[in-house]
Amino acid sequence: MVVWATLENYQIAIERGSIGQAVLNTAIVTVCATVLVVILGALASYPLARRQSRFNNFILIATLAVMMIPSLSILVPLIRLLKSFGMMNTYLGLIFPLVAGALPQAIFLYTQFLRNVPKSLEEAAMIDGASTLRTFVSIVLPLMKPVTVTVVILTGTSVWNEFALSGYIMTNNNMRTLAPAIASFFGSANGNVNAAIAGSFLGVVPVLVAYLFLQKYFIKGMLAGSVK
């Protein structure tokens with residue numbers, strides 16, 4: 001009887017709460033946002049780490065200062081901007097703000113990691129005639145694997161669990177992400193806590209599996225920037 005009730009809760013979560021569609025929407029947003037954060041963060045951190053100057057240090061400090069600004073403090077102008085571009089209830093309308101919010105942390109982690117990586121391999125590649133871009137792609141990027149996994153995990157889990165922005169931007173039921181979809185079980189007149197728990201379990205499984213496979217690199221990446 002208990003097993004059937006549990007299965008029924010999963011059925012309610014999938015059919016009435018559209019958890020399956022919410023998981024798909026969240027997966028699309030998470031993958032796209034994480035990929036953009038990795039690419040932009042790695043590219044931005046390379047000159048900041050390799051060309052240390054007062055200007056670059058100022059840029060890095062300014063980037064870190066952005067992390068202190070609460071995302072909800074810019075909610076009203078953000079919503080107006082998205083409406084003016086017709087980007088409400090679209091993947092890009094949610095992806096771009098999430099990328100902007102996650103980039104400062106990624107740039108900081110990449111910069112600290114690269115500052116502890118010797119330049120000898122890059123110098124040898126440049127002596128052989130490789131361009132800066134080719135050196136970065138062929139030499140630097142493979143060396144950044146541990147910190148890249150760290151950025152992927154931190155950004156992925158943050159975007160996957162994001163609630164506030166997605167709740168305001170994705171107002172269409174078919175475009176809802178996971179967190180607002182689960183919250184709908186509590187906000188309705190006929191709230192169903194058991195279905196919400198079942199939906200939460202379905203949502204946490206992909207993140208848990210990803211972390212189990214990447215935890216070794218995650219720990220290396222977090223420690224790499226703190227050891228000289």
# chains A, B, ... in the order shown; residues from 1 in each chain; ligands from 1
call {"tool": "residues_around", "arguments": {"residues": "range 61-77 of chain A", "least_positions_apart": "4", "cutoff": "10 Å", "atoms": "only C-alpha atoms", "output": "mmCIF file with N, CA and C atoms, in the first residue's frame"}}
result
data_model
loop_
_atom_site.group_PDB
_atom_site.id
_atom_site.type_symbol
_atom_site.label_atom_id
_atom_site.label_comp_id
_atom_site.auth_asym_id
_atom_site.auth_seq_id
_atom_site.Cartn_x
_atom_site.Cartn_y
_atom_site.Cartn_z
ATOM 1 N N PHE A 55 45.240 47.847 -14.184
ATOM 2 C CA PHE A 55 43.940 47.852 -14.856
ATOM 3 C C PHE A 55 43.275 46.484 -14.754
ATOM 4 N N ASN A 56 44.043 45.424 -15.015
ATOM 5 C CA ASN A 56 43.483 44.077 -14.931
ATOM 6 C C ASN A 56 43.077 43.722 -13.499
ATOM 7 N N ASN A 57 43.876 44.153 -12.528
ATOM 8 C CA ASN A 57 43.505 43.917 -11.130
ATOM 9 C C ASN A 57 42.219 44.658 -10.772
ATOM 10 N N LEU A 81 13.373 45.158 -19.498
ATOM 11 C CA LEU A 81 14.272 44.952 -20.638
ATOM 12 C C LEU A 81 13.877 43.706 -21.424
ATOM 13 N N LEU A 82 13.592 42.610 -20.716
ATOM 14 C CA LEU A 82 13.209 41.370 -21.385
ATOM 15 C C LEU A 82 11.888 41.539 -22.135
ATOM 16 N N LYS A 83 10.943 42.273 -21.550
ATOM 17 C CA LYS A 83 9.665 42.505 -22.226
ATOM 18 C C LYS A 83 9.858 43.335 -23.490
ATOM 19 N N PRO A 97 20.483 36.285 -18.031
ATOM 20 C CA PRO A 97 20.684 36.787 -16.660
ATOM 21 C C PRO A 97 21.425 35.796 -15.763
ATOM 22 N N LEU A 98 21.160 34.506 -15.932
ATOM 23 C CA LEU A 98 21.841 33.509 -15.112
ATOM 24 C C LEU A 98 23.328 33.449 -15.445
ATOM 25 N N ALA A 100 25.103 35.975 -16.604
ATOM 26 C CA ALA A 100 25.681 37.202 -16.043
ATOM 27 C C ALA A 100 25.915 37.067 -14.538
ATOM 28 N N GLY A 101 25.024 36.377 -13.854
ATOM 29 C CA GLY A 101 25.185 36.202 -12.418
ATOM 30 C C GLY A 101 26.272 35.209 -12.038
ATOM 31 N N ALA A 102 26.506 34.209 -12.894
ATOM 32 C CA ALA A 102 27.486 33.161 -12.572
ATOM 33 C C ALA A 102 28.890 33.479 -13.082
ATOM 34 N N LEU A 103 29.022 34.404 -14.014
ATOM 35 C CA LEU A 103 30.335 34.695 -14.608
ATOM 36 C C LEU A 103 31.381 35.207 -13.617
ATOM 37 N N PRO A 104 31.049 36.125 -12.706
ATOM 38 C CA PRO A 104 32.097 36.621 -11.790
ATOM 39 C C PRO A 104 32.790 35.514 -11.015
ATOM 40 N N GLN A 105 32.033 34.570 -10.482
ATOM 41 C CA GLN A 105 32.632 33.464 -9.738
ATOM 42 C C GLN A 105 33.532 32.624 -10.635
ATOM 43 N N ILE A 107 35.087 33.559 -13.421
ATOM 44 C CA ILE A 107 36.292 34.326 -13.773
ATOM 45 C C ILE A 107 37.289 34.310 -12.624
ATOM 46 N N PHE A 108 36.799 34.458 -11.404
ATOM 47 C CA PHE A 108 37.683 34.435 -10.239
ATOM 48 C C PHE A 108 38.388 33.085 -10.106
ATOM 49 N N ALA A 164 14.103 32.282 -7.927
ATOM 50 C CA ALA A 164 13.552 33.633 -7.957
ATOM 51 C C ALA A 164 13.383 34.175 -9.380
ATOM 52 N N LEU A 165 14.488 34.234 -10.139
ATOM 53 C CA LEU A 165 14.413 34.803 -11.479
ATOM 54 C C LEU A 165 13.508 33.978 -12.392
ATOM 55 N N TYR A 168 9.797 34.614 -12.077
ATOM 56 C CA TYR A 168 9.272 35.843 -12.652
ATOM 57 C C TYR A 168 9.379 35.863 -14.179
ATOM 58 N N ILE A 169 10.402 35.233 -14.715
ATOM 59 C CA ILE A 169 10.619 35.276 -16.163
ATOM 60 C C ILE A 169 9.815 34.202 -16.878
#
call {"tool": "residues_around", "arguments": {"residues": "range 132-140 of chain A", "least_positions_apart": "3", "cutoff": "8 Å", "atoms": "only C-alpha atoms", "output": "list in words"}}
result
Leu121, Glu122, Ala125, Met126, Leu143 and Met144 of chain A
call {"tool": "write_last_selection", "arguments": {"atoms": "N, CA, C and O atoms", "output": "PDB file, in the first residue's frame"}}
result
ATOM      1  N   LEU A 121      55.018  26.076 -20.937  1.00  0.00           N
ATOM      2  CA  LEU A 121      54.399  25.387 -22.064  1.00  0.00           C
ATOM      3  C   LEU A 121      53.839  26.369 -23.084  1.00  0.00           C
ATOM      4  O   LEU A 121      53.956  26.164 -24.296  1.00  0.00           O
ATOM      5  N   GLU A 122      53.260  27.443 -22.618  1.00  0.00           N
ATOM      6  CA  GLU A 122      52.710  28.456 -23.526  1.00  0.00           C
ATOM      7  C   GLU A 122      53.835  29.146 -24.301  1.00  0.00           C
ATOM      8  O   GLU A 122      53.712  29.383 -25.515  1.00  0.00           O
ATOM      9  N   ALA A 125      55.076  26.896 -27.021  1.00  0.00           N
ATOM     10  CA  ALA A 125      54.139  26.839 -28.143  1.00  0.00           C
ATOM     11  C   ALA A 125      54.247  28.087 -29.002  1.00  0.00           C
ATOM     12  O   ALA A 125      54.193  28.017 -30.236  1.00  0.00           O
ATOM     13  N   MET A 126      54.393  29.236 -28.361  1.00  0.00           N
ATOM     14  CA  MET A 126      54.508  30.486 -29.121  1.00  0.00           C
ATOM     15  C   MET A 126      55.814  30.553 -29.894  1.00  0.00           C
ATOM     16  O   MET A 126      55.874  31.093 -31.000  1.00  0.00           O
ATOM     17  N   LEU A 143      44.826  22.088 -19.465  1.00  0.00           N
ATOM     18  CA  LEU A 143      45.365  22.216 -18.114  1.00  0.00           C
ATOM     19  C   LEU A 143      44.310  22.704 -17.124  1.00  0.00           C
ATOM     20  O   LEU A 143      44.440  22.503 -15.915  1.00  0.00           O
ATOM     21  N   MET A 144      43.264  23.322 -17.636  1.00  0.00           N
ATOM     22  CA  MET A 144      42.232  23.902 -16.789  1.00  0.00           C
ATOM     23  C   MET A 144      41.093  22.925 -16.496  1.00  0.00           C
ATOM     24  O   MET A 144      40.050  23.329 -15.975  1.00  0.00           O
TER      25      MET A 144
END
call {"tool": "closest_residue", "arguments": {"among": "A:Phe113, A:Phe58, A:Tyr46, A:Trp160", "to": "Leu208 in chain A", "atoms": "only C-alpha atoms"}}
result
A:Trp160
call {"tool": "atom_distance", "arguments": {"atom1": "CA of Ala198 in chain A", "atom2": "CA of Met170 in chain A"}}
result
22.1 Å
call {"tool": "closest_residue", "arguments": {"among": "A:Leu60, A:Ala49, A:Ala106, A:Met88", "to": "Thr34 in chain A", "atoms": "only C-alpha atoms"}}
result
A:Ala106
